[in-house]
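Undergrad: This one is structure_16.tsv, TSV, C-alpha atoms and all ligand atoms.
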chain	number	residue	atom	x	y	z
A	1	MET	CA	-41.65	-13.44	-46.68
A	2	ARG	CA	-41.43	-10.71	-44.08
A	3	THR	CA	-42.32	-11.34	-40.44
A	4	ASN	CA	-45.38	-9.19	-39.77
A	5	ILE	CA	-46.48	-8.98	-36.15
A	6	LEU	CA	-49.92	-7.59	-35.35
A	7	ALA	CA	-49.90	-6.29	-31.76
A	8	ILE	CA	-52.79	-5.43	-29.46
A	9	GLU	CA	-52.62	-3.33	-26.28
A	10	SER	CA	-55.74	-3.09	-24.12
A	11	SER	CA	-54.49	-3.10	-20.53
A	12	CYS	CA	-56.03	0.16	-19.35
A	13	ASP	CA	-58.03	2.85	-21.13
A	14	ASP	CA	-56.42	3.01	-24.59
A	15	THR	CA	-57.22	0.53	-27.35
A	16	SER	CA	-54.22	0.24	-29.61
A	17	ALA	CA	-53.04	-1.94	-32.50
A	18	ALA	CA	-49.74	-1.86	-34.37
A	19	ILE	CA	-47.85	-3.68	-37.10
A	20	ILE	CA	-44.14	-4.44	-36.77
A	21	SER	CA	-42.61	-5.81	-39.94
A	22	ASP	CA	-39.12	-7.36	-39.64
A	23	GLY	CA	-38.57	-5.17	-36.58
A	24	ILE	CA	-39.75	-1.93	-38.23
A	25	LEU	CA	-42.97	-0.19	-37.17
A	26	LEU	CA	-45.39	0.20	-40.09
A	27	SER	CA	-48.47	1.45	-38.21
A	28	ASN	CA	-49.56	2.30	-34.68
A	29	VAL	CA	-53.22	3.17	-34.14
A	30	LEU	CA	-54.72	4.33	-30.88
A	31	ALA	CA	-58.30	5.01	-29.77
A	32	ASN	CA	-58.37	7.15	-26.65
A	33	GLN	CA	-61.28	6.62	-24.29
A	34	THR	CA	-62.68	9.97	-23.24
A	35	VAL	CA	-65.61	8.47	-21.31
A	36	HIS	CA	-63.51	8.40	-18.08
A	37	GLU	CA	-62.80	12.13	-17.90
A	38	GLN	CA	-66.09	12.95	-16.18
A	39	TYR	CA	-65.29	10.44	-13.41
A	40	GLY	CA	-61.79	11.69	-12.61
A	41	GLY	CA	-60.24	8.28	-13.25
A	42	VAL	CA	-60.59	5.10	-15.27
A	43	VAL	CA	-63.84	3.18	-14.66
A	44	PRO	CA	-62.90	-0.47	-15.38
A	45	GLU	CA	-66.32	-1.59	-16.58
A	46	LEU	CA	-66.59	1.31	-19.03
A	47	ALA	CA	-63.04	0.67	-20.23
A	48	SER	CA	-63.85	-2.95	-21.13
A	49	ARG	CA	-66.92	-1.91	-23.08
A	50	SER	CA	-65.01	0.75	-24.99
A	51	HIS	CA	-62.29	-1.76	-25.89
A	52	GLN	CA	-65.01	-4.06	-27.19
A	53	GLN	CA	-66.31	-1.26	-29.44
A	54	ASN	CA	-62.90	-0.05	-30.57
A	55	ILE	CA	-60.86	-3.16	-31.12
A	56	VAL	CA	-62.14	-4.27	-34.53
A	57	PRO	CA	-61.89	-0.86	-36.25
A	58	VAL	CA	-58.53	-0.13	-34.58
A	59	VAL	CA	-57.06	-3.44	-35.83
A	60	GLN	CA	-58.53	-2.95	-39.31
A	61	THR	CA	-56.99	0.51	-39.51
A	62	ALA	CA	-53.59	-0.71	-38.29
A	63	ILE	CA	-53.50	-3.45	-40.95
A	64	LYS	CA	-54.68	-1.06	-43.67
A	65	ASN	CA	-52.24	1.72	-42.68
A	66	ALA	CA	-49.41	-0.81	-42.91
A	67	GLY	CA	-50.46	-1.62	-46.48
A	68	LEU	CA	-51.17	-5.24	-45.52
A	69	LYS	CA	-54.02	-7.73	-45.51
A	70	PRO	CA	-54.99	-10.11	-42.68
A	71	ASP	CA	-53.37	-12.99	-44.62
A	72	ASP	CA	-49.98	-11.21	-44.42
A	73	ILE	CA	-49.85	-11.39	-40.61
A	74	SER	CA	-47.34	-13.95	-39.24
A	75	ALA	CA	-48.40	-13.86	-35.56
A	76	ILE	CA	-50.52	-11.82	-33.16
A	77	ALA	CA	-49.07	-10.40	-29.95
A	78	PHE	CA	-51.27	-9.16	-27.10
A	79	THR	CA	-50.85	-7.71	-23.61
A	80	ARG	CA	-51.46	-10.46	-21.04
A	81	GLY	CA	-50.95	-8.18	-18.02
A	82	PRO	CA	-50.56	-6.35	-15.73
A	83	GLY	CA	-53.67	-4.20	-16.11
A	84	LEU	CA	-57.44	-4.19	-15.70
A	85	LEU	CA	-58.76	-7.72	-16.01
A	86	GLY	CA	-61.83	-6.93	-18.11
A	87	SER	CA	-59.77	-4.79	-20.49
A	88	LEU	CA	-57.10	-7.46	-20.85
A	89	LEU	CA	-59.78	-10.06	-21.57
A	90	VAL	CA	-60.96	-8.12	-24.62
A	91	GLY	CA	-57.47	-8.04	-26.17
A	92	THR	CA	-56.71	-11.64	-25.24
A	93	SER	CA	-59.96	-12.98	-26.66
A	94	PHE	CA	-59.58	-10.94	-29.82
A	95	ALA	CA	-56.05	-12.29	-30.30
A	96	LYS	CA	-57.23	-15.87	-29.92
A	97	GLY	CA	-60.10	-15.41	-32.41
A	98	PHE	CA	-57.82	-13.76	-34.96
A	99	ALA	CA	-55.16	-16.45	-34.52
A	100	ILE	CA	-57.65	-19.29	-34.99
A	101	ALA	CA	-59.17	-17.67	-38.07
A	102	GLN	CA	-55.76	-16.98	-39.65
A	103	LYS	CA	-54.07	-20.17	-38.38
A	104	ILE	CA	-51.18	-18.23	-36.87
A	105	PRO	CA	-49.50	-18.31	-33.44
A	106	ILE	CA	-50.36	-16.03	-30.52
A	107	ILE	CA	-47.69	-14.35	-28.40
A	108	GLU	CA	-48.42	-13.10	-24.88
A	109	VAL	CA	-46.57	-9.94	-23.86
A	110	ASN	CA	-45.91	-8.47	-20.43
A	111	HIS	CA	-46.94	-4.79	-20.55
A	112	LEU	CA	-43.92	-3.78	-18.45
A	113	GLN	CA	-41.53	-5.48	-20.86
A	114	GLY	CA	-43.23	-3.43	-23.55
A	115	HIS	CA	-42.37	-0.15	-21.80
A	116	ILE	CA	-38.83	-1.40	-21.11
A	117	LEU	CA	-38.12	-2.50	-24.70
A	118	SER	CA	-39.82	0.55	-26.25
A	119	PRO	CA	-36.41	2.10	-27.16
A	120	PHE	CA	-36.14	-0.72	-29.73
A	121	ILE	CA	-39.17	0.50	-31.68
A	122	LYS	CA	-37.74	1.69	-35.00
A	123	GLU	CA	-39.59	3.56	-37.71
A	124	THR	CA	-36.63	3.42	-40.10
A	125	ASP	CA	-33.65	1.08	-40.45
A	126	ASN	CA	-31.02	3.46	-39.13
A	127	GLU	CA	-32.18	4.51	-35.68
A	128	ARG	CA	-29.93	4.15	-32.66
A	129	VAL	CA	-30.97	1.65	-30.00
A	130	PRO	CA	-29.43	0.90	-26.58
A	131	SER	CA	-26.77	-1.74	-26.26
A	132	PHE	CA	-26.85	-4.29	-23.43
A	133	PRO	CA	-26.66	-3.96	-20.52
A	134	PHE	CA	-28.68	-0.79	-20.17
A	135	LEU	CA	-30.52	0.79	-17.28
A	136	THR	CA	-34.10	1.93	-17.65
A	137	MET	CA	-36.54	3.73	-15.40
A	138	THR	CA	-40.19	2.86	-16.09
A	139	VAL	CA	-42.46	5.62	-14.82
A	140	SER	CA	-46.15	5.09	-15.48
A	141	GLY	CA	-49.54	5.36	-13.83
A	142	GLY	CA	-49.16	1.96	-12.20
A	143	HIS	CA	-45.39	1.43	-11.91
A	144	THR	CA	-42.16	3.13	-10.98
A	145	GLN	CA	-39.11	0.94	-11.27
A	146	ILE	CA	-35.46	0.91	-12.23
A	147	VAL	CA	-34.44	-2.16	-14.20
A	148	ILE	CA	-31.14	-3.52	-15.49
A	149	VAL	CA	-31.72	-4.95	-18.94
A	150	LYS	CA	-29.01	-7.51	-19.72
A	151	ASP	CA	-30.74	-8.87	-22.80
A	152	TYR	CA	-34.20	-8.67	-24.41
A	153	PHE	CA	-35.60	-11.14	-21.92
A	154	ASP	CA	-33.10	-10.98	-19.12
A	155	MET	CA	-34.08	-8.11	-16.81
A	156	LYS	CA	-33.75	-7.41	-13.13
A	157	ILE	CA	-35.62	-4.84	-11.01
A	158	ILE	CA	-33.16	-3.00	-8.77
A	159	GLY	CA	-35.53	-0.35	-7.42
A	160	HIS	CA	-39.28	0.10	-7.22
A	161	THR	CA	-41.92	2.17	-5.49
A	162	ILE	CA	-43.05	0.98	-2.09
A	163	ASP	CA	-46.42	2.75	-2.40
A	164	ASP	CA	-47.76	5.01	-5.18
A	165	ALA	CA	-46.35	5.24	-8.70
A	166	ALA	CA	-44.99	8.52	-10.06
A	167	GLY	CA	-47.93	8.87	-12.47
A	168	GLU	CA	-50.31	8.19	-9.61
A	169	ALA	CA	-48.74	11.07	-7.66
A	170	TYR	CA	-49.44	13.38	-10.60
A	171	ASP	CA	-52.97	12.04	-11.04
A	172	LYS	CA	-53.96	12.15	-7.36
A	173	CYS	CA	-52.58	15.65	-6.76
A	174	ALA	CA	-54.28	16.90	-9.92
A	175	LYS	CA	-57.52	15.39	-8.70
A	176	VAL	CA	-57.44	17.18	-5.34
A	177	MET	CA	-56.74	20.41	-7.24
A	178	GLY	CA	-59.85	19.69	-9.33
A	179	LEU	CA	-57.84	19.58	-12.56
A	180	GLY	CA	-59.23	16.49	-14.28
A	181	TYR	CA	-57.80	13.17	-15.49
A	182	PRO	CA	-55.14	12.17	-16.37
A	183	GLY	CA	-53.35	14.72	-14.21
A	184	GLY	CA	-49.80	14.31	-15.53
A	185	PRO	CA	-50.18	16.22	-18.82
A	186	ILE	CA	-52.33	18.94	-17.14
A	187	ILE	CA	-49.78	19.56	-14.36
A	188	ASP	CA	-46.97	19.49	-16.95
A	189	LYS	CA	-48.68	22.26	-18.94
A	190	LEU	CA	-49.56	24.42	-15.92
A	191	ALA	CA	-46.06	24.03	-14.45
A	192	LYS	CA	-44.54	25.81	-17.45
A	193	GLN	CA	-46.08	29.08	-16.23
A	194	GLY	CA	-45.24	28.62	-12.56
A	195	ASN	CA	-42.30	29.10	-10.21
A	196	PRO	CA	-41.12	25.72	-8.89
A	197	LEU	CA	-39.56	27.31	-5.81
A	198	THR	CA	-42.81	28.78	-4.47
A	199	PHE	CA	-43.75	25.84	-2.27
A	200	GLU	CA	-41.35	23.48	-0.61
A	201	LEU	CA	-42.55	19.89	-0.56
A	202	PRO	CA	-40.89	17.06	1.37
A	203	LYS	CA	-38.77	14.43	-0.33
A	204	PRO	CA	-38.96	10.86	1.00
A	205	LYS	CA	-35.97	9.42	2.79
A	206	ILE	CA	-36.08	5.90	1.43
A	207	ARG	CA	-32.81	4.02	1.49
A	208	GLY	CA	-31.33	2.38	-1.58
A	209	LEU	CA	-32.99	2.57	-4.97
A	210	ASN	CA	-36.64	2.34	-3.92
A	211	PHE	CA	-39.16	5.15	-4.32
A	212	SER	CA	-42.07	6.46	-2.30
A	213	PHE	CA	-44.68	9.01	-3.39
A	214	SER	CA	-47.52	8.68	-0.91
A	215	GLY	CA	-45.93	11.05	1.65
A	216	LEU	CA	-45.58	13.71	-1.03
A	217	LYS	CA	-49.24	13.31	-1.94
A	218	THR	CA	-50.31	13.70	1.70
A	219	ALA	CA	-48.04	16.74	2.21
A	220	PHE	CA	-49.53	18.31	-0.90
A	221	LEU	CA	-53.04	17.68	0.39
A	222	TYR	CA	-52.22	19.35	3.74
A	223	LEU	CA	-50.61	22.30	1.98
A	224	LEU	CA	-53.85	22.85	0.06
A	225	ARG	CA	-56.05	22.38	3.14
A	226	ASP	CA	-54.11	24.76	5.36
A	227	ASN	CA	-54.09	27.47	2.75
A	228	ILE	CA	-57.71	27.06	1.68
A	229	LYS	CA	-58.70	27.73	5.31
A	230	LYS	CA	-57.15	31.19	4.97
A	231	ASN	CA	-58.09	31.82	1.37
A	232	LYS	CA	-60.77	29.84	-0.39
A	233	ASN	CA	-59.43	30.84	-3.80
A	234	PHE	CA	-55.96	29.55	-2.97
A	235	ILE	CA	-55.84	26.79	-5.61
A	236	GLU	CA	-57.21	28.97	-8.38
A	237	GLN	CA	-54.75	31.77	-7.60
A	238	ASN	CA	-51.74	29.49	-7.25
A	239	LYS	CA	-52.31	26.58	-9.59
A	240	GLN	CA	-49.30	27.27	-11.82
A	241	ASN	CA	-46.94	27.59	-8.85
A	242	LEU	CA	-48.45	24.53	-7.18
A	243	ALA	CA	-48.03	22.50	-10.37
A	244	ALA	CA	-44.45	23.69	-10.87
A	245	SER	CA	-43.47	22.94	-7.25
A	246	LEU	CA	-45.04	19.49	-7.33
A	247	GLN	CA	-43.46	18.66	-10.67
A	248	LYS	CA	-40.00	19.77	-9.55
A	249	THR	CA	-40.24	17.55	-6.46
A	250	ILE	CA	-41.35	14.48	-8.44
A	251	VAL	CA	-38.57	14.95	-11.01
A	252	ASP	CA	-36.00	15.53	-8.22
A	253	ILE	CA	-37.02	12.22	-6.63
A	254	LEU	CA	-36.90	10.29	-9.92
A	255	LEU	CA	-33.60	11.67	-11.13
A	256	GLY	CA	-31.96	11.34	-7.72
A	257	LYS	CA	-32.58	7.60	-7.72
A	258	LEU	CA	-31.71	7.11	-11.37
A	259	LYS	CA	-28.37	8.85	-10.92
A	260	ARG	CA	-27.64	6.72	-7.91
A	261	ALA	CA	-28.54	3.54	-9.83
A	262	ALA	CA	-26.24	4.54	-12.69
A	263	ASN	CA	-23.39	5.18	-10.27
A	264	GLU	CA	-23.90	1.96	-8.36
A	265	THR	CA	-24.12	-0.23	-11.45
A	266	ASN	CA	-21.61	1.76	-13.46
A	267	ILE	CA	-23.93	1.61	-16.48
A	268	LYS	CA	-24.01	4.59	-18.81
A	269	GLU	CA	-26.60	3.35	-21.32
A	270	ILE	CA	-29.74	4.93	-19.86
A	271	ALA	CA	-33.38	4.89	-21.00
A	272	ILE	CA	-36.75	5.90	-19.62
A	273	GLY	CA	-40.24	4.75	-20.52
A	274	GLY	CA	-43.89	4.87	-19.45
A	275	GLY	CA	-46.40	7.72	-19.48
A	276	VAL	CA	-44.44	10.01	-17.15
A	277	ALA	CA	-41.49	9.80	-19.58
A	278	ALA	CA	-43.57	12.23	-21.68
A	279	ASN	CA	-43.08	14.86	-18.97
A	280	SER	CA	-41.32	17.93	-20.37
A	281	GLU	CA	-39.46	18.78	-17.15
A	282	LEU	CA	-38.18	15.22	-16.73
A	283	ARG	CA	-37.04	15.13	-20.37
A	284	LYS	CA	-35.29	18.48	-20.10
A	285	ARG	CA	-33.48	17.71	-16.88
A	286	ILE	CA	-32.49	14.13	-17.76
A	287	THR	CA	-30.94	15.46	-20.97
A	288	VAL	CA	-28.81	17.92	-18.97
A	289	MET	CA	-27.92	15.20	-16.47
A	290	ALA	CA	-26.95	12.78	-19.26
A	291	GLU	CA	-24.51	15.30	-20.67
A	292	LYS	CA	-22.93	15.92	-17.30
A	293	GLU	CA	-22.75	12.24	-16.37
A	294	GLN	CA	-21.70	11.20	-19.89
A	295	TRP	CA	-24.67	8.90	-20.30
A	296	ASN	CA	-25.79	7.55	-23.63
A	297	LEU	CA	-29.44	8.56	-23.22
A	298	PHE	CA	-32.47	7.08	-24.98
A	299	LEU	CA	-35.58	9.23	-24.71
A	300	PRO	CA	-38.64	7.59	-26.25
A	301	LYS	CA	-40.69	9.48	-28.81
A	302	LEU	CA	-43.80	10.91	-27.16
A	303	ASN	CA	-46.26	8.47	-28.74
A	304	PHE	CA	-44.22	5.53	-27.41
A	305	THR	CA	-44.21	6.75	-23.79
A	306	THR	CA	-47.89	6.35	-22.90
A	307	ASP	CA	-49.53	2.99	-23.55
A	308	ASN	CA	-49.31	1.90	-27.18
A	309	ALA	CA	-49.33	-1.32	-29.21
A	310	ALA	CA	-45.98	-0.60	-30.93
A	311	MET	CA	-44.16	-1.52	-27.71
A	312	ILE	CA	-46.17	-4.75	-27.45
A	313	GLY	CA	-45.30	-5.46	-31.08
A	314	ILE	CA	-41.55	-5.07	-30.58
A	315	VAL	CA	-41.60	-7.53	-27.67
A	316	GLY	CA	-43.78	-9.83	-29.81
A	317	TYR	CA	-41.25	-9.62	-32.64
A	318	TYR	CA	-38.32	-10.67	-30.45
A	319	LYS	CA	-40.40	-13.49	-28.97
A	320	TYR	CA	-41.36	-14.58	-32.50
A	321	LEU	CA	-37.68	-14.87	-33.41
A	322	LYS	CA	-37.28	-17.27	-30.45
A	323	LYS	CA	-40.49	-19.10	-31.41
A	324	ASP	CA	-41.79	-18.29	-27.93
A	325	PHE	CA	-45.50	-18.77	-28.64
A	326	SER	CA	-48.41	-19.09	-26.20
A	327	ASN	CA	-51.01	-21.78	-25.80
A	328	LEU	CA	-54.58	-20.92	-26.82
A	329	LYS	CA	-55.62	-21.67	-23.23
A	330	VAL	CA	-53.68	-18.63	-21.95
A	331	THR	CA	-55.66	-16.27	-19.68
A	332	PRO	CA	-54.90	-12.65	-18.75
A	333	ASP	CA	-53.10	-11.91	-15.50
A	334	ALA	CA	-54.02	-8.57	-13.92
A	335	ARG	CA	-51.02	-8.71	-11.57
A	336	LEU	CA	-48.39	-10.16	-13.87
A	337	ASN	CA	-44.89	-9.37	-12.60
A	338	LEU	CA	-41.87	-8.49	-14.65
A	401	LIG	O1	-47.75	4.25	-19.30
A	401	LIG	P1	-49.09	4.87	-19.14
A	401	LIG	O2	-49.80	5.37	-20.36
A	401	LIG	O3	-50.10	3.86	-18.47
A	401	LIG	C1	-49.74	2.98	-17.47
A	401	LIG	O4	-49.19	1.90	-17.80
A	401	LIG	O5	-49.95	3.36	-16.28
A	401	LIG	O6	-48.94	6.04	-18.05
A	401	LIG	C2	-50.02	6.85	-17.68
A	401	LIG	C3	-49.52	7.86	-16.67
A	401	LIG	C4	-50.63	8.69	-16.03
A	401	LIG	O7	-50.44	8.68	-14.63
A	401	LIG	C5	-50.41	10.09	-16.60
A	401	LIG	O8	-50.81	11.13	-15.72
A	401	LIG	C6	-48.91	10.09	-16.82
A	401	LIG	O9	-48.62	8.79	-17.29
A	401	LIG	N1	-48.48	11.10	-17.81
A	401	LIG	C7	-47.71	12.17	-17.50
A	401	LIG	C8	-47.56	12.92	-18.70
A	401	LIG	N2	-48.24	12.27	-19.69
A	401	LIG	C9	-48.79	11.16	-19.13
A	401	LIG	N3	-47.15	12.54	-16.34
A	401	LIG	C10	-46.43	13.67	-16.33
A	401	LIG	N4	-46.26	14.45	-17.41
A	401	LIG	C11	-46.80	14.13	-18.61
A	401	LIG	N5	-46.61	14.92	-19.68
A	402	ZN	ZN	-48.24	1.44	-19.35
Take the structure in this file and express it as C-alpha cells.

TA:
Amino acid sequence: MRTNILAIESSCDDTSAAIISDGILLSNVLANQTVHEQYGGVVPELASRSHQQNIVPVVQTAIKNAGLKPDDISAIAFTRGPGLLGSLLVGTSFAKGFAIAQKIPIIEVNHLQGHILSPFIKETDNERVPSFPFLTMTVSGGHTQIVIVKDYFDMKIIGHTIDDAAGEAYDKCAKVMGLGYPGGPIIDKLAKQGNPLTFELPKPKIRGLNFSFSGLKTAFLYLLRDNIKKNKNFIEQNKQNLAASLQKTIVDILLGKLKRAANETNIKEIAIGGGVAANSELRKRITVMAEKEQWNLFLPKLNFTTDNAAMIGIVGYYKYLKKDFSNLKVTPDARLNL
C-alpha cells in the first residue's frame, strides 16, 4: 500500500490541505481569506473563524482531488507552529479528530521546516531536488533566515533578521503608501513600471549574516513624509518609482547576505523559500547571480512559496518514514523555533 499523507496548514490566513503519496504531491488545495484586506493586515480572531469554516471543505477537496478516500490516508500532518495561536488550534484539533476517527498517527510539523524543505515537493518522479548540504534563505512575512540544511532534520540557522522580516518590510511600506494587504505582490507589480534608481534608500550595516529591515522602513516613511509636505500628491505621482526603489533595496540586502553566506560556507547548492521567494525581481536577480557564482539553484514554484499544505506534507512524509509521530496531547506552539 502507498503511504498517503494528508497535510494541514493553518498557521496564518490561508487554510490549506494537501496529499503527498509516496513523496509525490497529488493535490494541494488552498482557501484564501479575503476578510483581512479591509483591515490592512491579518486579524487573528477573524482568521481562526475562517479556518473553522474552511477546513472541512478544503480537506474534502484535497482528498477527492487526489482520487482517494479517507480510509486511504496513512497519517495526518499538521502545522504546530510558529503562527497565530487560534489559527494553529483549528488545524491541530482537526488533525486529532481525523486521526482518532481513522485510527492513524498524527505528525506535528514546524512551519519553517516546511518552507525549508519545500524544494523536495515533487509533482512527478523525475524532478531535481537539492543534495545535502544545501543553503537556503527563508524569506516570509514573519521570518528572514539563512539556514544550512545538512539533512532533512539537521539544520542550522547561520543568519537571521534582528528586527523586521523581509515580507514585513514590503507589507509595512505598502501600508503607509495606502496600497493594501499583503503589500509584497502589490509592490512587485508596481515596481515593474518604475525606475529603481529614482530614490536612494539606506542599506543596513549589520555585521555577519544577520539582516535588519526596520531602518529601511523608517527611512521610507521619512522619505514619504518630507515629500508629501511639498506635494500632497507625491505618493500617487511616484508610486511605481517608490515601489521599484524599495524593491531594489530589499533584494540588494537579501542577495548581499546570501552571496556572503555561500562564500563563507563554500556551499553551491542554493535554495530560497517563503512568500517573498515569489518576488519577480528576487527571482530574476538570483538566477543571474547563480549563473555567475556557479550555484546549483532551486527556485520554488510560485504556489509553493507562500504558505501551503504541500510543504507541510513533504515534512510529514519524511517524518513518517522515521516513524516520528506525535502524542495526541500535543498543543500548538505560536513561537516554535526551528
Ligand atoms: O510565507 P508566507 O506566505 O507567510 C508567512 O509565513 O509569513 O509569506 C507572506 C509574505 C507577505 O509578507 C507577502 O507580502 C510576501 O510574503 N509576498 C511577497 C510576494 N508575494 C508574497 N513579497 C514580495 N513579492 C511578492 N511577489
Ligand atoms: Zn510561511

Undergrad: Produce as a PyMOL selection string the set of residues near ligand LIG 401 (chain A), where near means within 10 Å with all atoms listed in the file considered.

TA: chain A and resi 11-14+41+82-83+111-112+114-115+138-144+165-172+174+181-189+247+250-251+273-283+302-308

Undergrad: To one decimal place in Å, what is the distance between atom CA of A:Glu37 and atom CA of A:Leu85?

TA: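 If I compute the distance from atom CA of A:Glu37 to atom CA of A:Leu85, I get 20.3 Å.
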
Undergrad: Extract, using all atoms listed in the file, all DNA, RNA and protein residues at most 7 Å from stretch 124-129 of chain A, discarding same-chain residues fewer than 4 positions from it, and format them as a list of chain:residue names.

TA: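 Skipping anything fewer than 4 positions along the chain leaves A:Ile24, A:Pro119, A:Phe120.
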
Undergrad: From the options A:Ala219, A:Ile107, A:Ile116, A:Val90, which residue's atoms come nearest to A:Tyr152, counting only C-alpha atoms?

TA: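 So, comparing all the options, the nearest one is A:Ile116.
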
Undergrad: For a quick check of understanding, using only C-alpha atoms and all ligand atoms, which of A:Leu84, A:Lys217, A:Arg260, A:Leu190 has the smallest distance to ligand ZN 402 (chain A)?

TA: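 Nearest to ligand ZN 402 (chain A): A:Leu84.
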
Undergrad: Could you work out how far atom CA of A:Asn54 lies from atom CA of A:Gln33, giving the answer in Å with one decimal?

TA: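 These atoms are spaced 9.3 Å apart.
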
Undergrad: What is the atom CA of A:Phe213-atom CA of A:Asp252 distance in Å, reported with one decimal?

TA: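 Those two atoms sit 11.9 Å apart.
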